[in-house]
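**Student:** The structure follows.
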Amino acid sequence: LCHFPCAGDNKLFVIVPPKPKIETKEDLDRLLAKLAYQGKSGVNYLDPRYLLDEIEVPRGPYLIRDVEDGRDNLNLSPDKAREKFKDEGSSPLTLWEVYSLLVSFSFAIFGHHNIDASGSRSESGRTPDVYLWLERPRLNHKWSDDSDPHWGSASSGRV
């Protein structure tokens, strides 16, 4: 099912703005507070000093196309999802790309499933994720070999 905006093949596309400078936990707290669902602001549990993108992305604004929001990867661990993406020729989304996706489409994603940002890593090799808890968006991380039927890794065809 296509949610606006879509490419001609019913896949989403997302305009990713330049990533802001995020140096402290307070910076990331403020950013997550802007991600709201049903009037409740997001909450951050991570320290940005320990976040790393494993996918090379442009420095300025860019477009990701053929975006799959994670529905096709429910109950697939981030590690298994990365293998699947490699085989398909697609790419896992970074945390900033997942954030950009949710800013645009939280109404269609939250309440359906939670998203692993398999293109990024946090401390101890964990995968950052965004999920709803008590109807409030949360940023945390999980073990990369952990799977759950309510969690899926988002991907794209790249820029």
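Going by the structure tokens order, chains are called A, B, ..., each with residues numbered from 1, while ligands are numbered from 1 in the order shown.
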Sort by chain and increasing residue number a table of all residues of region 72-157 of chain A within 12 Å of region 10-24 of chain A, each with its closest pair of atoms and their distance in Å to one decimal, counting only C-alpha atoms, and write it as a Markdown table.

**Tutor:**
| residue | atom | partner | partner_atom | distance |
| --- | --- | --- | --- | --- |
| A:Leu93 | CA | A:Val16 | CA | 11.1 |
| A:Thr94 | CA | A:Val16 | CA | 10.8 |
| A:Leu95 | CA | A:Lys19 | CA | 10.3 |
| A:Trp96 | CA | A:Lys19 | CA | 6.9 |
| A:Glu97 | CA | A:Val16 | CA | 6.4 |
| A:Val98 | CA | A:Val16 | CA | 9.4 |
| A:Tyr99 | CA | A:Val16 | CA | 9.1 |
| A:Ser100 | CA | A:Val16 | CA | 5.9 |
| A:Leu101 | CA | A:Val14 | CA | 6.3 |
| A:Leu102 | CA | A:Val14 | CA | 9.8 |
| A:Val103 | CA | A:Val14 | CA | 9.9 |
| A:Ser104 | CA | A:Val14 | CA | 7.8 |
| A:Phe105 | CA | A:Val14 | CA | 9.4 |
| A:Ala108 | CA | A:Leu12 | CA | 11.7 |
| A:Ala154 | CA | A:Leu12 | CA | 11.2 |
| A:Ser155 | CA | A:Leu12 | CA | 10.4 |
| A:Ser156 | CA | A:Phe13 | CA | 8.5 |
| A:Gly157 | CA | A:Phe13 | CA | 9.6 |

**Student:** Put those residues in a file: N, CA, C and O atoms, as a PDB file, in the first residue's frame.

**Tutor:**
ATOM      1  N   LEU A  93      18.420   1.577   6.247  1.00  0.00           N
ATOM      2  CA  LEU A  93      18.373   3.003   6.560  1.00  0.00           C
ATOM      3  C   LEU A  93      19.192   3.304   7.803  1.00  0.00           C
ATOM      4  O   LEU A  93      19.220   2.525   8.755  1.00  0.00           O
ATOM      5  N   THR A  94      19.845   4.471   7.788  1.00  0.00           N
ATOM      6  CA  THR A  94      20.555   4.965   8.963  1.00  0.00           C
ATOM      7  C   THR A  94      19.535   5.541   9.944  1.00  0.00           C
ATOM      8  O   THR A  94      18.361   5.749   9.600  1.00  0.00           O
ATOM      9  N   LEU A  95      19.989   5.850  11.131  1.00  0.00           N
ATOM     10  CA  LEU A  95      19.100   6.433  12.130  1.00  0.00           C
ATOM     11  C   LEU A  95      18.516   7.760  11.646  1.00  0.00           C
ATOM     12  O   LEU A  95      17.325   8.012  11.800  1.00  0.00           O
ATOM     13  N   TRP A  96      19.327   8.622  11.026  1.00  0.00           N
ATOM     14  CA  TRP A  96      18.820   9.908  10.540  1.00  0.00           C
ATOM     15  C   TRP A  96      17.788   9.698   9.429  1.00  0.00           C
ATOM     16  O   TRP A  96      16.793  10.404   9.346  1.00  0.00           O
ATOM     17  N   GLU A  97      17.992   8.689   8.587  1.00  0.00           N
ATOM     18  CA  GLU A  97      17.017   8.392   7.535  1.00  0.00           C
ATOM     19  C   GLU A  97      15.713   7.854   8.126  1.00  0.00           C
ATOM     20  O   GLU A  97      14.626   8.216   7.671  1.00  0.00           O
ATOM     21  N   VAL A  98      15.814   7.020   9.147  1.00  0.00           N
ATOM     22  CA  VAL A  98      14.611   6.529   9.831  1.00  0.00           C
ATOM     23  C   VAL A  98      13.874   7.701  10.481  1.00  0.00           C
ATOM     24  O   VAL A  98      12.647   7.811  10.392  1.00  0.00           O
ATOM     25  N   TYR A  99      14.610   8.591  11.107  1.00  0.00           N
ATOM     26  CA  TYR A  99      13.999   9.781  11.706  1.00  0.00           C
ATOM     27  C   TYR A  99      13.261  10.581  10.627  1.00  0.00           C
ATOM     28  O   TYR A  99      12.112  10.981  10.816  1.00  0.00           O
ATOM     29  N   SER A 100      13.900  10.806   9.491  1.00  0.00           N
ATOM     30  CA  SER A 100      13.286  11.559   8.392  1.00  0.00           C
ATOM     31  C   SER A 100      12.041  10.850   7.873  1.00  0.00           C
ATOM     32  O   SER A 100      11.030  11.492   7.570  1.00  0.00           O
ATOM     33  N   LEU A 101      12.096   9.533   7.770  1.00  0.00           N
ATOM     34  CA  LEU A 101      10.934   8.742   7.354  1.00  0.00           C
ATOM     35  C   LEU A 101       9.790   8.924   8.336  1.00  0.00           C
ATOM     36  O   LEU A 101       8.642   9.150   7.946  1.00  0.00           O
ATOM     37  N   LEU A 102      10.094   8.854   9.625  1.00  0.00           N
ATOM     38  CA  LEU A 102       9.042   8.979  10.640  1.00  0.00           C
ATOM     39  C   LEU A 102       8.476  10.386  10.748  1.00  0.00           C
ATOM     40  O   LEU A 102       7.301  10.549  11.052  1.00  0.00           O
ATOM     41  N   VAL A 103       9.295  11.394  10.502  1.00  0.00           N
ATOM     42  CA  VAL A 103       8.760  12.758  10.496  1.00  0.00           C
ATOM     43  C   VAL A 103       7.678  12.876   9.422  1.00  0.00           C
ATOM     44  O   VAL A 103       6.646  13.504   9.631  1.00  0.00           O
ATOM     45  N   SER A 104       7.900  12.223   8.290  1.00  0.00           N
ATOM     46  CA  SER A 104       6.945  12.291   7.181  1.00  0.00           C
ATOM     47  C   SER A 104       5.790  11.310   7.312  1.00  0.00           C
ATOM     48  O   SER A 104       4.679  11.616   6.887  1.00  0.00           O
ATOM     49  N   PHE A 105       6.024  10.126   7.859  1.00  0.00           N
ATOM     50  CA  PHE A 105       5.028   9.063   7.803  1.00  0.00           C
ATOM     51  C   PHE A 105       4.707   8.406   9.138  1.00  0.00           C
ATOM     52  O   PHE A 105       4.246   7.270   9.157  1.00  0.00           O
ATOM     53  N   ALA A 108       1.407   6.619   9.497  1.00  0.00           N
ATOM     54  CA  ALA A 108       1.189   5.351   8.802  1.00  0.00           C
ATOM     55  C   ALA A 108       2.039   4.214   9.362  1.00  0.00           C
ATOM     56  O   ALA A 108       1.770   3.058   9.081  1.00  0.00           O
ATOM     57  N   ALA A 154      13.976  -0.912   8.155  1.00  0.00           N
ATOM     58  CA  ALA A 154      13.615  -0.169   6.953  1.00  0.00           C
ATOM     59  C   ALA A 154      14.787  -0.175   5.968  1.00  0.00           C
ATOM     60  O   ALA A 154      15.941  -0.267   6.373  1.00  0.00           O
ATOM     61  N   SER A 155      14.450  -0.072   4.673  1.00  0.00           N
ATOM     62  CA  SER A 155      15.499  -0.100   3.642  1.00  0.00           C
ATOM     63  C   SER A 155      15.140   0.837   2.499  1.00  0.00           C
ATOM     64  O   SER A 155      14.029   1.351   2.425  1.00  0.00           O
ATOM     65  N   SER A 156      16.107   1.017   1.607  1.00  0.00           N
ATOM     66  CA  SER A 156      15.863   1.831   0.415  1.00  0.00           C
ATOM     67  C   SER A 156      16.748   1.341  -0.723  1.00  0.00           C
ATOM     68  O   SER A 156      17.660   0.549  -0.510  1.00  0.00           O
ATOM     69  N   GLY A 157      16.481   1.889  -1.916  1.00  0.00           N
ATOM     70  CA  GLY A 157      17.301   1.601  -3.072  1.00  0.00           C
ATOM     71  C   GLY A 157      18.506   2.510  -3.138  1.00  0.00           C
ATOM     72  O   GLY A 157      19.255   2.445  -4.085  1.00  0.00           O
TER      73      GLY A 157
END

**Student:** Can you list, as a PyMOL selection string, all residues belonging to chain A that DSSP tags as alpha helix (DSSP H)?

**Tutor:** chain A and resi 25-33+78-88+95-109

**Student:** Pick from A:Ser90, A:Asn44, A:Ser118, A:Asn73: nearest to Glu26 (chain A), with only C-alpha atoms counted?

**Tutor:** A:Asn44

**Student:** I'd like to know which of A:Arg126, A:Lys86, A:Lys40, A:His113 is closest to His150 (chain A), using only C-alpha atoms.

**Tutor:**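 Using only C-alpha atoms, His150 (chain A) sits closest to A:His113.
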
**Student:** Using only C-alpha atoms, can you tell me which of A:Asn140, A:Ser91, A:Ser106, A:Asn75 comes closest to Asp29 (chain A)?

**Tutor:** A:Asn140

**Student:** Point out the residue among A:Asp47, A:Asp87, A:Asp129, A:Asp53 with the least atom-to-atom distance to Asn114 (chain A), counting only C-alpha atoms.

**Tutor:** A:Asp129

**Student:** Would you pick out the contacts of Pro137 (chain A) at 10 Å or less, using only C-alpha atoms, so that residues sharing its chain but fewer than 4 positions from it are not included, and give the list as a list in words?

**Tutor:**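 Here the qualifying residues turn out to be Leu32, Ala33, Leu35, Ala36, Tyr37, Gln38, Lys40, Ser41, Gly42, Val43, Asn44, Leu102, Ser106, Phe110, Asn114, Val130, Tyr131, Leu132 and Trp133 of chain A.
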
**Student:** For those residues, write N, CA and C atoms to a file as a CSV table (one decimal), in the first residue's frame.

**Tutor:**
chain,number,residue,atom,x,y,z
A,32,LEU,N,14.6,14.3,19.3
A,32,LEU,CA,13.5,13.3,19.5
A,32,LEU,C,12.3,14.0,20.0
A,33,ALA,N,12.4,15.0,20.7
A,33,ALA,CA,11.2,15.7,21.2
A,33,ALA,C,10.3,16.2,20.1
A,35,LEU,N,9.8,14.6,17.3
A,35,LEU,CA,9.1,13.5,16.7
A,35,LEU,C,8.0,13.1,17.7
A,36,ALA,N,6.8,13.5,17.2
A,36,ALA,CA,5.6,13.3,18.1
A,36,ALA,C,4.6,12.4,17.4
A,37,TYR,N,3.8,11.7,18.3
A,37,TYR,CA,2.8,10.8,17.8
A,37,TYR,C,1.6,11.0,18.7
A,38,GLN,N,0.4,11.4,18.2
A,38,GLN,CA,-0.8,11.6,18.9
A,38,GLN,C,-0.6,12.6,20.1
A,40,LYS,N,2.2,13.3,21.7
A,40,LYS,CA,3.2,12.9,22.7
A,40,LYS,C,4.6,13.0,22.1
A,41,SER,N,5.5,13.8,22.6
A,41,SER,CA,6.8,14.0,22.1
A,41,SER,C,7.7,12.8,22.4
A,42,GLY,N,8.6,12.6,21.4
A,42,GLY,CA,9.6,11.5,21.5
A,42,GLY,C,10.6,11.6,22.7
A,43,VAL,N,11.1,10.5,23.1
A,43,VAL,CA,12.1,10.4,24.2
A,43,VAL,C,13.3,9.7,23.7
A,44,ASN,N,14.5,10.1,24.1
A,44,ASN,CA,15.7,9.5,23.7
A,44,ASN,C,16.4,8.8,24.9
A,102,LEU,N,10.1,8.9,9.6
A,102,LEU,CA,9.0,9.0,10.6
A,102,LEU,C,8.5,10.4,10.7
A,106,SER,N,4.9,9.1,10.2
A,106,SER,CA,4.6,8.5,11.5
A,106,SER,C,3.2,8.0,11.6
A,110,PHE,N,3.8,4.3,12.9
A,110,PHE,CA,3.6,4.1,14.4
A,110,PHE,C,2.2,3.5,14.6
A,114,ASN,N,7.4,-1.2,14.8
A,114,ASN,CA,8.6,-0.4,15.3
A,114,ASN,C,9.7,-0.6,14.3
A,130,VAL,N,13.5,2.9,16.8
A,130,VAL,CA,12.5,3.8,17.2
A,130,VAL,C,11.2,3.0,17.4
A,131,TYR,N,10.6,3.2,18.5
A,131,TYR,CA,9.4,2.4,18.8
A,131,TYR,C,8.4,3.2,19.6
A,132,LEU,N,7.2,2.7,19.7
A,132,LEU,CA,6.2,3.4,20.6
A,132,LEU,C,6.1,2.6,21.9
A,133,TRP,N,6.1,3.3,23.0
A,133,TRP,CA,5.8,2.7,24.3
A,133,TRP,C,4.8,3.7,25.0

**Student:** Please return as a PyMOL selection string: the residues of region 6-157 of chain A that backbone DSSP assigns to strand (DSSP E or B).

**Tutor:** chain A and resi 6+12-16+36-37+40-41+43-44+52-53+62-68+91-92+114-116+120-121+127-133+136-142+151-153+155-156

**Student:** Find the residues near Lys25 (chain A): any atom within 9 Å, counting only C-alpha atoms, skip ones fewer than 5 places away on the same chain, and give them as number ranges by chain.

**Tutor:** A: 30, 44-49

**Student:** I need the residues from that last selection saved to file as a PDB file, in the first residue's frame (with N, CA, C and O atoms), if you can.

**Tutor:**
ATOM      1  N   ARG A  30      16.504  16.897  22.288  1.00  0.00           N
ATOM      2  CA  ARG A  30      15.705  17.948  21.631  1.00  0.00           C
ATOM      3  C   ARG A  30      15.188  17.486  20.268  1.00  0.00           C
ATOM      4  O   ARG A  30      14.054  17.774  19.900  1.00  0.00           O
ATOM      5  N   ASN A  44      14.456  10.136  24.102  1.00  0.00           N
ATOM      6  CA  ASN A  44      15.729   9.542  23.711  1.00  0.00           C
ATOM      7  C   ASN A  44      16.389   8.846  24.894  1.00  0.00           C
ATOM      8  O   ASN A  44      16.435   9.389  25.995  1.00  0.00           O
ATOM      9  N   TYR A  45      16.959   7.654  24.645  1.00  0.00           N
ATOM     10  CA  TYR A  45      17.697   6.930  25.673  1.00  0.00           C
ATOM     11  C   TYR A  45      19.153   6.700  25.275  1.00  0.00           C
ATOM     12  O   TYR A  45      19.857   5.950  25.960  1.00  0.00           O
ATOM     13  N   LEU A  46      19.605   7.296  24.170  1.00  0.00           N
ATOM     14  CA  LEU A  46      20.951   7.039  23.673  1.00  0.00           C
ATOM     15  C   LEU A  46      21.856   8.260  23.788  1.00  0.00           C
ATOM     16  O   LEU A  46      21.387   9.392  23.794  1.00  0.00           O
ATOM     17  N   ASP A  47      23.151   7.997  23.837  1.00  0.00           N
ATOM     18  CA  ASP A  47      24.165   9.043  23.826  1.00  0.00           C
ATOM     19  C   ASP A  47      24.743   9.092  22.414  1.00  0.00           C
ATOM     20  O   ASP A  47      25.258   8.082  21.932  1.00  0.00           O
ATOM     21  N   PRO A  48      24.654  10.236  21.727  1.00  0.00           N
ATOM     22  CA  PRO A  48      25.111  10.297  20.333  1.00  0.00           C
ATOM     23  C   PRO A  48      26.604  10.040  20.150  1.00  0.00           C
ATOM     24  O   PRO A  48      27.034   9.713  19.047  1.00  0.00           O
ATOM     25  N   ARG A  49      27.388  10.145  21.215  1.00  0.00           N
ATOM     26  CA  ARG A  49      28.822   9.856  21.094  1.00  0.00           C
ATOM     27  C   ARG A  49      29.072   8.405  20.707  1.00  0.00           C
ATOM     28  O   ARG A  49      30.140   8.068  20.211  1.00  0.00           O
TER      29      ARG A  49
END

**Student:** When you count only C-alpha atoms, which of these residues is closest to Asp79 (chain A): A:Glu123, A:Asp27, A:Asp145, A:Asp116?

**Tutor:** A:Asp145

**Student:** Between CA of Gly70 (chain A) and CA of Trp151 (chain A), measure the distance and give it in Å to one decimal.

**Tutor:**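 Separating CA of Gly70 (chain A) from CA of Trp151 (chain A) is a distance of 7.5 Å.
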
**Student:** Excluding same-chain residues fewer than 5 positions from Leu76 (chain A), what lies within 9 Å of it counting only C-alpha atoms, as a PyMOL selection string?

**Tutor:** chain A and resi 81+145-149+151-153
